[in-house]
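**Student:** Data file run-v7.json (JSON, C-alpha atoms) is appended below.
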```json
[["chain", "number", "residue", "atom", "x", "y", "z"],
["A", 333, "MET", "CA", 75.97, 68.12, 100.53],
["A", 334, "THR", "CA", 78.87, 65.85, 101.50],
["A", 335, "LYS", "CA", 82.30, 67.15, 102.36],
["A", 336, "GLN", "CA", 83.78, 65.56, 99.21],
["A", 337, "SER", "CA", 81.22, 67.23, 96.91],
["A", 338, "GLU", "CA", 81.96, 70.56, 98.63],
["A", 339, "TYR", "CA", 85.65, 70.07, 97.83],
["A", 340, "MET", "CA", 84.79, 69.12, 94.24],
["A", 341, "GLU", "CA", 82.64, 72.24, 93.85],
["A", 342, "ALA", "CA", 85.41, 74.42, 95.29],
["A", 343, "PHE", "CA", 88.03, 72.77, 93.06],
["A", 344, "PHE", "CA", 85.94, 73.09, 89.92],
["A", 345, "GLY", "CA", 84.50, 76.48, 90.85],
["A", 346, "VAL", "CA", 87.46, 78.44, 89.49],
["A", 347, "GLU", "CA", 88.52, 78.74, 85.87],
["A", 348, "LEU", "CA", 92.28, 78.68, 86.27],
["A", 349, "ASN", "CA", 93.15, 80.05, 82.85],
["A", 350, "GLN", "CA", 90.89, 83.08, 83.33],
["A", 351, "LYS", "CA", 92.12, 83.48, 86.91],
["A", 352, "PHE", "CA", 95.75, 83.61, 85.76],
["A", 353, "GLU", "CA", 94.90, 86.18, 83.08],
["A", 354, "ASP", "CA", 93.03, 88.29, 85.64],
["A", 355, "MET", "CA", 95.96, 88.06, 88.06],
["A", 356, "ILE", "CA", 98.36, 89.33, 85.41],
["A", 357, "SER", "CA", 96.07, 92.26, 84.72],
["A", 358, "GLU", "CA", 95.65, 93.04, 88.42],
["A", 359, "LEU", "CA", 99.39, 92.89, 88.99],
["A", 360, "LYS", "CA", 99.95, 95.30, 86.09],
["A", 361, "ASP", "CA", 97.43, 97.73, 87.61],
["A", 362, "ALA", "CA", 99.09, 97.49, 91.03],
["A", 363, "GLU", "CA", 102.49, 98.03, 89.45],
["A", 364, "ASP", "CA", 101.28, 101.20, 87.69],
["A", 365, "ASN", "CA", 99.54, 102.46, 90.84],
["A", 366, "LEU", "CA", 102.61, 101.96, 93.00],
["A", 367, "LYS", "CA", 104.81, 103.75, 90.50],
["A", 368, "ALA", "CA", 102.33, 106.64, 90.41],
["A", 369, "LEU", "CA", 102.35, 106.72, 94.21],
["A", 370, "SER", "CA", 106.12, 106.84, 94.12],
["A", 371, "ALA", "CA", 105.94, 109.88, 91.86],
["A", 372, "GLN", "CA", 103.39, 111.57, 94.16],
["A", 373, "ILE", "CA", 105.51, 110.98, 97.25],
["A", 374, "GLY", "CA", 108.25, 112.89, 95.47],
["A", 375, "THR", "CA", 106.07, 116.02, 95.49],
["A", 376, "LEU", "CA", 105.02, 115.91, 99.17],
["A", 377, "ASN", "CA", 105.84, 118.77, 101.52],
["A", 378, "GLN", "CA", 105.96, 118.06, 105.27],
["A", 379, "ASN", "CA", 106.51, 120.22, 108.36],
["A", 380, "ILE", "CA", 109.65, 118.35, 109.29],
["A", 381, "SER", "CA", 113.24, 119.28, 108.90],
["A", 382, "PRO", "CA", 114.43, 119.17, 105.32],
["A", 383, "GLU", "CA", 116.91, 116.43, 106.18],
["A", 384, "GLU", "CA", 114.24, 114.23, 107.84],
["A", 385, "PHE", "CA", 111.89, 114.89, 104.97],
["A", 386, "ARG", "CA", 114.49, 113.77, 102.45],
["A", 387, "GLU", "CA", 115.18, 110.58, 104.42],
["A", 388, "VAL", "CA", 111.48, 109.69, 104.78],
["A", 389, "LEU", "CA", 110.87, 110.52, 101.17],
["A", 390, "LYS", "CA", 113.85, 108.48, 100.02],
["A", 391, "GLU", "CA", 112.76, 105.48, 102.10],
["A", 392, "CYS", "CA", 109.13, 105.64, 100.95],
["A", 393, "ARG", "CA", 110.11, 105.91, 97.32],
["A", 394, "ALA", "CA", 112.55, 103.00, 97.64],
["A", 395, "ILE", "CA", 109.96, 100.76, 99.31],
["A", 396, "THR", "CA", 107.27, 101.68, 96.82],
["A", 397, "TYR", "CA", 109.49, 101.15, 93.83],
["A", 398, "GLU", "CA", 110.80, 97.82, 95.19],
["A", 399, "ASN", "CA", 107.23, 96.60, 95.58],
["A", 400, "ALA", "CA", 106.40, 97.71, 92.05],
["A", 401, "GLN", "CA", 109.43, 95.82, 90.77],
["A", 402, "ALA", "CA", 108.44, 92.70, 92.74],
["A", 403, "ILE", "CA", 104.94, 92.84, 91.28],
["A", 404, "LYS", "CA", 106.42, 93.35, 87.83],
["A", 405, "ASP", "CA", 108.57, 90.27, 88.31],
["A", 406, "VAL", "CA", 105.55, 88.16, 89.31],
["A", 407, "ARG", "CA", 103.55, 89.47, 86.36],
["A", 408, "THR", "CA", 106.39, 88.80, 83.95],
["A", 409, "PHE", "CA", 106.82, 85.27, 85.32],
["A", 410, "LEU", "CA", 103.11, 84.42, 85.09],
["A", 411, "ASP", "CA", 102.82, 86.00, 81.66],
["A", 412, "PHE", "CA", 105.82, 84.02, 80.41],
["A", 413, "TYR", "CA", 104.60, 80.80, 82.05],
["A", 414, "LEU", "CA", 101.15, 81.00, 80.52],
["A", 415, "LYS", "CA", 102.19, 82.19, 77.08],
["A", 416, "SER", "CA", 105.27, 80.08, 76.44],
["A", 417, "ASP", "CA", 104.60, 76.76, 78.12],
["A", 418, "LYS", "CA", 102.02, 75.21, 75.82],
["A", 419, "THR", "CA", 101.87, 72.04, 77.93],
["A", 420, "SER", "CA", 100.97, 73.94, 81.11],
["A", 421, "THR", "CA", 98.45, 76.09, 79.29],
["A", 422, "HIS", "CA", 96.93, 72.99, 77.69],
["A", 423, "ILE", "CA", 96.65, 71.26, 81.07],
["A", 424, "ILE", "CA", 94.99, 74.32, 82.61],
["A", 425, "LEU", "CA", 92.54, 74.58, 79.72],
["A", 426, "GLU", "CA", 91.78, 70.84, 79.91],
["A", 427, "ARG", "CA", 91.06, 71.24, 83.60],
["A", 428, "ASP", "CA", 88.80, 74.21, 82.81],
["A", 429, "ALA", "CA", 87.00, 72.09, 80.20],
["A", 430, "TYR", "CA", 86.33, 69.36, 82.74],
["A", 431, "MET", "CA", 85.19, 72.00, 85.23],
["A", 432, "LYS", "CA", 82.68, 73.26, 82.63],
["A", 433, "ILE", "CA", 81.51, 69.69, 81.94],
["A", 434, "TYR", "CA", 81.01, 69.19, 85.67],
["A", 435, "GLN", "CA", 79.05, 72.46, 85.84],
["A", 436, "ILE", "CA", 76.92, 71.45, 82.84],
["A", 437, "PHE", "CA", 76.08, 68.04, 84.32],
["A", 438, "LYS", "CA", 75.23, 69.62, 87.69],
["A", 439, "TRP", "CA", 72.77, 72.03, 85.99],
["A", 440, "ASP", "CA", 69.65, 72.28, 88.13],
["A", 441, "GLY", "CA", 67.20, 72.86, 85.28],
["A", 442, "SER", "CA", 66.16, 76.34, 86.39],
["A", 443, "ASP", "CA", 67.22, 78.36, 83.33],
["A", 444, "VAL", "CA", 68.33, 76.89, 80.01],
["A", 445, "ARG", "CA", 70.17, 80.13, 79.18],
["A", 446, "ASP", "CA", 72.73, 79.26, 81.88],
["A", 447, "LEU", "CA", 73.29, 75.92, 80.18],
["A", 448, "LYS", "CA", 73.59, 77.61, 76.78],
["A", 449, "ARG", "CA", 76.25, 80.02, 78.14],
["A", 450, "TRP", "CA", 78.24, 77.21, 79.78],
["A", 451, "ILE", "CA", 78.17, 75.18, 76.56],
["A", 452, "LYS", "CA", 79.42, 78.20, 74.62],
["A", 453, "GLU", "CA", 82.25, 78.64, 77.14],
["A", 454, "LEU", "CA", 83.08, 74.91, 76.89],
["A", 455, "ARG", "CA", 83.16, 75.16, 73.08],
["A", 456, "GLU", "CA", 85.60, 78.09, 73.28],
["A", 457, "ILE", "CA", 87.91, 76.13, 75.60],
["A", 458, "CYS", "CA", 87.68, 73.02, 73.41],
["A", 459, "ASP", "CA", 88.51, 75.06, 70.31],
["A", 460, "LYS", "CA", 91.68, 76.33, 72.01],
["A", 461, "ILE", "CA", 92.95, 72.83, 72.85],
["A", 462, "GLY", "CA", 91.60, 70.83, 69.92],
["A", 463, "LEU", "CA", 88.90, 68.83, 71.69],
["A", 464, "ASN", "CA", 85.54, 68.06, 70.10],
["A", 465, "MET", "CA", 82.91, 69.34, 72.50],
["A", 466, "ARG", "CA", 80.31, 66.92, 71.10],
["A", 467, "ASP", "CA", 82.46, 64.03, 72.30],
["A", 468, "LEU", "CA", 82.36, 65.35, 75.86],
["A", 469, "ILE", "CA", 78.64, 65.98, 76.40],
["A", 470, "ASN", "CA", 75.85, 63.44, 76.62],
["A", 471, "PHE", "CA", 72.64, 65.39, 77.17],
["A", 472, "LYS", "CA", 70.80, 62.25, 78.30],
["A", 473, "LYS", "CA", 72.99, 62.30, 81.42],
["A", 474, "LEU", "CA", 71.96, 65.79, 82.60],
["A", 475, "THR", "CA", 70.76, 65.87, 86.20],
["A", 476, "ALA", "CA", 67.82, 68.12, 85.29],
["A", 477, "GLN", "CA", 64.46, 66.85, 84.00],
["A", 478, "PRO", "CA", 64.58, 64.56, 80.97],
["A", 479, "VAL", "CA", 63.48, 65.83, 77.57],
["A", 480, "PRO", "CA", 60.28, 64.16, 76.29],
["A", 481, "ASP", "CA", 60.87, 61.74, 73.40],
["A", 482, "ASP", "CA", 58.84, 63.78, 70.91],
["A", 483, "LEU", "CA", 61.11, 66.80, 71.54],
["A", 484, "VAL", "CA", 64.39, 64.86, 71.39],
["A", 485, "LYS", "CA", 63.78, 64.25, 67.68],
["A", 486, "PHE", "CA", 63.48, 67.99, 66.93],
["A", 487, "PRO", "CA", 66.27, 68.03, 68.40],
["A", 488, "VAL", "CA", 65.86, 69.49, 71.87],
["A", 489, "TYR", "CA", 68.87, 68.84, 74.08],
["A", 490, "ALA", "CA", 67.62, 70.24, 77.39],
["A", 491, "LEU", "CA", 64.43, 71.61, 78.90],
["A", 492, "ASP", "CA", 64.18, 73.96, 81.87],
["A", 493, "ARG", "CA", 61.39, 74.26, 84.47],
["A", 494, "GLN", "CA", 59.72, 77.16, 82.63],
["A", 495, "GLY", "CA", 59.42, 75.19, 79.40],
["A", 496, "TRP", "CA", 62.36, 76.75, 77.56],
["A", 497, "CYS", "CA", 64.36, 74.35, 75.38],
["A", 498, "LEU", "CA", 67.97, 74.30, 74.31],
["A", 499, "THR", "CA", 68.12, 73.45, 70.61],
["A", 500, "GLY", "CA", 70.02, 74.29, 67.45],
["A", 501, "PRO", "CA", 72.89, 72.57, 65.65],
["A", 502, "ALA", "CA", 75.44, 74.25, 67.91],
["A", 503, "PHE", "CA", 73.32, 73.99, 71.09],
["A", 504, "ASP", "CA", 72.90, 77.75, 70.81],
["A", 505, "MET", "CA", 69.19, 78.37, 70.35],
["A", 506, "VAL", "CA", 66.54, 78.78, 73.02],
["A", 507, "MET", "CA", 62.91, 78.19, 72.11],
["A", 508, "HIS", "CA", 59.80, 77.68, 74.22],
["A", 509, "ILE", "CA", 58.36, 74.17, 74.27],
["A", 510, "ASP", "CA", 55.15, 75.41, 72.60],
["A", 511, "GLU", "CA", 57.16, 76.91, 69.75],
["A", 512, "VAL", "CA", 59.11, 73.66, 69.31],
["A", 513, "ARG", "CA", 55.90, 71.63, 69.20],
["A", 514, "GLU", "CA", 54.47, 74.04, 66.60],
["A", 515, "LYS", "CA", 57.58, 73.56, 64.44],
["A", 516, "ILE", "CA", 57.32, 69.78, 64.80],
["A", 517, "GLU", "CA", 53.64, 69.91, 63.82],
["A", 518, "GLU", "CA", 54.44, 72.11, 60.79],
["A", 519, "SER", "CA", 57.13, 69.71, 59.59],
["A", 520, "ASN", "CA", 54.86, 66.69, 60.09],
["A", 521, "SER", "CA", 52.02, 68.27, 58.09],
["A", 522, "SER", "CA", 54.32, 69.19, 55.18]]
```
Can the structure from this file be put into structure tokens for me?
**Tutor:**
Amino acid sequence: MTKQSEYMEAFFGVELNQKFEDMISELKDAEDNLKALSAQIGTLNQNISPEEFREVLKECRAITYENAQAIKDVRTFLDFYLKSDKTSTHIILERDAYMKIYQIFKWDGSDVRDLKRWIKELREICDKIGLNMRDLINFKKLTAQPVPDDLVKFPVYALDRQGWCLTGPAFDMVMHIDEVREKIEESNSS
């Protein structure tokens, strides 16, 4: 693998929109935990002079609460940025769509269920930003093994190494190649 393809994989290996949402959630959890810690520190009892104890306690509570406030500020900023700036959110989702397309076209052909899941995720992203997923995917360009001509007409969009096929009008059905051929034979004999 070349250095450039490693960079591409690293760049496209993260779904930014989901990452931002996860960060907001994690920051909220940290904020709540720090505030709870602040409350617990208030109930501590140490074998130090009452005056020293009060000073340590006051300092710990101040530091803890300041950190909670800082985390709250970051969370509020990210939450506002993602929810109110439609252009930024759109750009992030477009980038995530292209990341999914890259992932789909790099599919290794081992399990068609992976491909099905990625296509579903791409469809969800496209629905959010008004893109037509069908305009973005050309199944003939997949890096995995090509689909035999007799199966393309069914239609089968992709075939994995175990003989499982991706089919269905929304690219959301998985059938074994034998089952597909039976269906084709049934429709030809009707």
**Student:** Please tell me which residues are no farther than 12 Å from (94.0, 87.3, 87.1) in the file, counting all atoms listed in the file, and write them as a PDB file with C-alpha atoms, keeping the file's coordinate frame.
**Tutor:**
```
ATOM      1  CA  VAL A 346      87.460  78.440  89.490  1.00  0.00           C
ATOM      2  CA  GLU A 347      88.520  78.740  85.870  1.00  0.00           C
ATOM      3  CA  LEU A 348      92.280  78.680  86.270  1.00  0.00           C
ATOM      4  CA  ASN A 349      93.150  80.050  82.850  1.00  0.00           C
ATOM      5  CA  GLN A 350      90.890  83.080  83.330  1.00  0.00           C
ATOM      6  CA  LYS A 351      92.120  83.480  86.910  1.00  0.00           C
ATOM      7  CA  PHE A 352      95.750  83.610  85.760  1.00  0.00           C
ATOM      8  CA  GLU A 353      94.900  86.180  83.080  1.00  0.00           C
ATOM      9  CA  ASP A 354      93.030  88.290  85.640  1.00  0.00           C
ATOM     10  CA  MET A 355      95.960  88.060  88.060  1.00  0.00           C
ATOM     11  CA  ILE A 356      98.360  89.330  85.410  1.00  0.00           C
ATOM     12  CA  SER A 357      96.070  92.260  84.720  1.00  0.00           C
ATOM     13  CA  GLU A 358      95.650  93.040  88.420  1.00  0.00           C
ATOM     14  CA  LEU A 359      99.390  92.890  88.990  1.00  0.00           C
ATOM     15  CA  LYS A 360      99.950  95.300  86.090  1.00  0.00           C
ATOM     16  CA  ASP A 361      97.430  97.730  87.610  1.00  0.00           C
ATOM     17  CA  VAL A 406     105.550  88.160  89.310  1.00  0.00           C
ATOM     18  CA  ARG A 407     103.550  89.470  86.360  1.00  0.00           C
ATOM     19  CA  LEU A 410     103.110  84.420  85.090  1.00  0.00           C
ATOM     20  CA  ASP A 411     102.820  86.000  81.660  1.00  0.00           C
ATOM     21  CA  LEU A 414     101.150  81.000  80.520  1.00  0.00           C
TER      22      LEU A 414
END
```
**Student:** Between atom CA of Asp443 of chain A and atom CA of Met507 of chain A, what distance in Å does the model show, to one decimal?
**Tutor:** 12.0 Å
**Student:** State, in Å with one decimal place, the distance from atom CA of Ser420 of chain A to atom CA of Leu454 of chain A.
**Tutor:**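 So the answer is 18.4 Å.
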**Student:** In Å to one decimal, how far is atom CA of Val484 of chain A from atom CA of Tyr430 of chain A?
**Tutor:**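 Interatomic distance here is 25.1 Å.
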**Student:** Please produce, as a tab-separated table, a per-residue contact table for segment 366-444 of chain A versus segment 458-471 of chain A (criterion: any atom at most 10 Å away, only C-alpha atoms considered), showing the nearest atom pair and its distance in Å to one decimal, sorted by chain then residue number.
**Tutor:**
```
residue	atom	partner	partner_atom	distance
A:Lys418	CA	A:Ile461	CA	9.8
A:Thr421	CA	A:Ile461	CA	9.1
A:His422	CA	A:Ile461	CA	6.3
A:Ile423	CA	A:Ile461	CA	9.2
A:Leu425	CA	A:Ile461	CA	7.1
A:Glu426	CA	A:Ile461	CA	7.4
A:Asp428	CA	A:Cys458	CA	9.5
A:Ala429	CA	A:Cys458	CA	6.9
A:Tyr430	CA	A:Leu468	CA	8.9
A:Ile433	CA	A:Ile469	CA	7.3
A:Ile436	CA	A:Ile469	CA	8.6
A:Phe437	CA	A:Phe471	CA	8.4
```
**Student:** Hey, what's within 8 Å of Gln477 of chain A if we count only C-alpha atoms and toss same-chain stuff fewer than 5 positions away? As a count of residues only, please?
**Tutor:** 3
**Student:** Counting all atoms listed in the file, figure out which residue out of A:Lys472, A:Arg427, A:Lys515, A:Arg393 gets nearest to Ile457 of chain A.
**Tutor:** A:Arg427
**Student:** Of the candidates A:Ile380, A:Cys392, A:Ile451, A:Ile403, which shows the shortest atom-to-atom distance to Asn365 of chain A, using all atoms listed in the file?
**Tutor:** A:Ile403
**Student:** Choose the residue, out of A:Asp481, A:Lys432, A:Asp440, A:Leu369, that has the smallest atom-to-atom separation from Glu456 of chain A; count all atoms listed in the file.
**Tutor:** A:Lys432
**Student:** Padding 5 Å on every side, please: axis-aligned box over the listed atoms of segment 503-521 of chain A, centre and edge lengths to one decimal in Å, as lines of an AutoDock Vina configuration file.
**Tutor:**
```
center_x = 62.7
center_y = 72.7
center_z = 66.2
size_x = 31.3
size_y = 22.1
size_z = 26.2
```
**Student:** Could you give me, as a PyMOL selection string, the residues within 9 Å of Arg513 of chain A, counting all atoms listed in the file and dropping anything in the same chain fewer than 4 positions from it?
**Tutor:** chain A and resi 482-483+486+508-509+517-518
**Student:** How close does each residue of segment 400-467 of chain A get to segment 494-503 of chain A, giving the shortest atom pair and distance in Å to one decimal for every residue with an atom at most 9 Å away, counting only C-alpha atoms, sorted by chain and residue number, as a tab-separated table?
**Tutor:**
```
residue	atom	partner	partner_atom	distance
A:Ser442	CA	A:Gln494	CA	7.5
A:Asp443	CA	A:Gln494	CA	7.6
A:Val444	CA	A:Leu498	CA	6.3
A:Arg445	CA	A:Leu498	CA	7.9
A:Leu447	CA	A:Leu498	CA	8.1
A:Lys448	CA	A:Phe503	CA	6.7
A:Ile451	CA	A:Phe503	CA	7.4
A:Lys452	CA	A:Phe503	CA	8.2
```
**Student:** So, with all atoms listed in the file as the atoms that count, which of A:Ala490, A:Asn379, A:Ile424, A:Asp405 lies closest to Pro478 of chain A?
**Tutor:**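 Checking each of A:Ala490, A:Asn379, A:Ile424, A:Asp405 against Pro478 of chain A, counting all atoms listed in the file, the winner is A:Ala490.
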**Student:** Please reconstruct the missing atoms of segment 389-410 of chain A (target: N, CA, C and O atoms) and return them as a PDB file, in the frame of the given file.
**Tutor:**
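Result file is part_34.pdb:
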```pdb
ATOM      1  N   LEU A 389     111.225 110.557 102.580  1.00  0.00           N
ATOM      2  CA  LEU A 389     110.870 110.520 101.170  1.00  0.00           C
ATOM      3  C   LEU A 389     111.687 109.463 100.425  1.00  0.00           C
ATOM      4  O   LEU A 389     111.138 108.656  99.669  1.00  0.00           O
ATOM      5  N   LYS A 390     112.964 109.440 100.679  1.00  0.00           N
ATOM      6  CA  LYS A 390     113.850 108.480 100.020  1.00  0.00           C
ATOM      7  C   LYS A 390     113.450 107.042 100.374  1.00  0.00           C
ATOM      8  O   LYS A 390     113.380 106.163  99.515  1.00  0.00           O
ATOM      9  N   GLU A 391     113.149 106.814 101.635  1.00  0.00           N
ATOM     10  CA  GLU A 391     112.760 105.480 102.100  1.00  0.00           C
ATOM     11  C   GLU A 391     111.416 105.051 101.501  1.00  0.00           C
ATOM     12  O   GLU A 391     111.279 103.919 101.018  1.00  0.00           O
ATOM     13  N   CYS A 392     110.451 105.951 101.523  1.00  0.00           N
ATOM     14  CA  CYS A 392     109.130 105.640 100.950  1.00  0.00           C
ATOM     15  C   CYS A 392     109.222 105.327  99.463  1.00  0.00           C
ATOM     16  O   CYS A 392     108.594 104.371  98.977  1.00  0.00           O
ATOM     17  N   ARG A 393     109.967 106.137  98.770  1.00  0.00           N
ATOM     18  CA  ARG A 393     110.110 105.910  97.320  1.00  0.00           C
ATOM     19  C   ARG A 393     110.804 104.577  97.055  1.00  0.00           C
ATOM     20  O   ARG A 393     110.405 103.833  96.158  1.00  0.00           O
ATOM     21  N   ALA A 394     111.818 104.256  97.845  1.00  0.00           N
ATOM     22  CA  ALA A 394     112.550 103.000  97.640  1.00  0.00           C
ATOM     23  C   ALA A 394     111.629 101.796  97.890  1.00  0.00           C
ATOM     24  O   ALA A 394     111.588 100.852  97.094  1.00  0.00           O
ATOM     25  N   ILE A 395     110.874 101.857  98.980  1.00  0.00           N
ATOM     26  CA  ILE A 395     109.960 100.760  99.310  1.00  0.00           C
ATOM     27  C   ILE A 395     108.892 100.614  98.231  1.00  0.00           C
ATOM     28  O   ILE A 395     108.603  99.504  97.766  1.00  0.00           O
ATOM     29  N   THR A 396     108.322 101.720  97.845  1.00  0.00           N
ATOM     30  CA  THR A 396     107.270 101.680  96.820  1.00  0.00           C
ATOM     31  C   THR A 396     107.805 101.133  95.514  1.00  0.00           C
ATOM     32  O   THR A 396     107.185 100.263  94.886  1.00  0.00           O
ATOM     33  N   TYR A 397     108.939 101.601  95.101  1.00  0.00           N
ATOM     34  CA  TYR A 397     109.490 101.150  93.830  1.00  0.00           C
ATOM     35  C   TYR A 397     109.901  99.668  93.894  1.00  0.00           C
ATOM     36  O   TYR A 397     109.689  98.919  92.946  1.00  0.00           O
ATOM     37  N   GLU A 398     110.450  99.233  95.030  1.00  0.00           N
ATOM     38  CA  GLU A 398     110.800  97.820  95.190  1.00  0.00           C
ATOM     39  C   GLU A 398     109.568  96.935  95.067  1.00  0.00           C
ATOM     40  O   GLU A 398     109.618  95.879  94.438  1.00  0.00           O
ATOM     41  N   ASN A 399     108.475  97.381  95.689  1.00  0.00           N
ATOM     42  CA  ASN A 399     107.230  96.600  95.580  1.00  0.00           C
ATOM     43  C   ASN A 399     106.727  96.564  94.145  1.00  0.00           C
ATOM     44  O   ASN A 399     106.256  95.528  93.673  1.00  0.00           O
ATOM     45  N   ALA A 400     106.813  97.676  93.460  1.00  0.00           N
ATOM     46  CA  ALA A 400     106.400  97.710  92.050  1.00  0.00           C
ATOM     47  C   ALA A 400     107.255  96.748  91.225  1.00  0.00           C
ATOM     48  O   ALA A 400     106.746  96.027  90.363  1.00  0.00           O
ATOM     49  N   GLN A 401     108.559  96.729  91.503  1.00  0.00           N
ATOM     50  CA  GLN A 401     109.430  95.820  90.770  1.00  0.00           C
ATOM     51  C   GLN A 401     109.109  94.360  91.083  1.00  0.00           C
ATOM     52  O   GLN A 401     109.122  93.504  90.194  1.00  0.00           O
ATOM     53  N   ALA A 402     108.799  94.066  92.365  1.00  0.00           N
ATOM     54  CA  ALA A 402     108.440  92.700  92.740  1.00  0.00           C
ATOM     55  C   ALA A 402     107.161  92.261  92.026  1.00  0.00           C
ATOM     56  O   ALA A 402     107.075  91.141  91.512  1.00  0.00           O
ATOM     57  N   ILE A 403     106.195  93.148  91.984  1.00  0.00           N
ATOM     58  CA  ILE A 403     104.940  92.840  91.280  1.00  0.00           C
ATOM     59  C   ILE A 403     105.213  92.654  89.798  1.00  0.00           C
ATOM     60  O   ILE A 403     104.673  91.750  89.162  1.00  0.00           O
ATOM     61  N   LYS A 404     106.071  93.486  89.243  1.00  0.00           N
ATOM     62  CA  LYS A 404     106.420  93.350  87.830  1.00  0.00           C
ATOM     63  C   LYS A 404     107.069  91.992  87.560  1.00  0.00           C
ATOM     64  O   LYS A 404     106.767  91.330  86.560  1.00  0.00           O
ATOM     65  N   ASP A 405     107.921  91.562  88.469  1.00  0.00           N
ATOM     66  CA  ASP A 405     108.570  90.270  88.310  1.00  0.00           C
ATOM     67  C   ASP A 405     107.554  89.124  88.327  1.00  0.00           C
ATOM     68  O   ASP A 405     107.637  88.196  87.522  1.00  0.00           O
ATOM     69  N   VAL A 406     106.598  89.191  89.243  1.00  0.00           N
ATOM     70  CA  VAL A 406     105.550  88.160  89.310  1.00  0.00           C
ATOM     71  C   VAL A 406     104.731  88.171  88.029  1.00  0.00           C
ATOM     72  O   VAL A 406     104.443  87.126  87.441  1.00  0.00           O
ATOM     73  N   ARG A 407     104.344  89.350  87.583  1.00  0.00           N
ATOM     74  CA  ARG A 407     103.550  89.470  86.360  1.00  0.00           C
ATOM     75  C   ARG A 407     104.310  88.918  85.157  1.00  0.00           C
ATOM     76  O   ARG A 407     103.775  88.149  84.359  1.00  0.00           O
ATOM     77  N   THR A 408     105.578  89.274  85.056  1.00  0.00           N
ATOM     78  CA  THR A 408     106.390  88.800  83.950  1.00  0.00           C
ATOM     79  C   THR A 408     106.507  87.275  83.983  1.00  0.00           C
ATOM     80  O   THR A 408     106.384  86.606  82.957  1.00  0.00           O
ATOM     81  N   PHE A 409     106.724  86.716  85.183  1.00  0.00           N
ATOM     82  CA  PHE A 409     106.820  85.270  85.320  1.00  0.00           C
ATOM     83  C   PHE A 409     105.523  84.581  84.895  1.00  0.00           C
ATOM     84  O   PHE A 409     105.540  83.628  84.106  1.00  0.00           O
ATOM     85  N   LEU A 410     104.396  85.040  85.433  1.00  0.00           N
ATOM     86  CA  LEU A 410     103.110  84.420  85.090  1.00  0.00           C
ATOM     87  C   LEU A 410     102.794  84.591  83.607  1.00  0.00           C
ATOM     88  O   LEU A 410     102.311  83.653  82.962  1.00  0.00           O
TER      89      LEU A 410
END
```
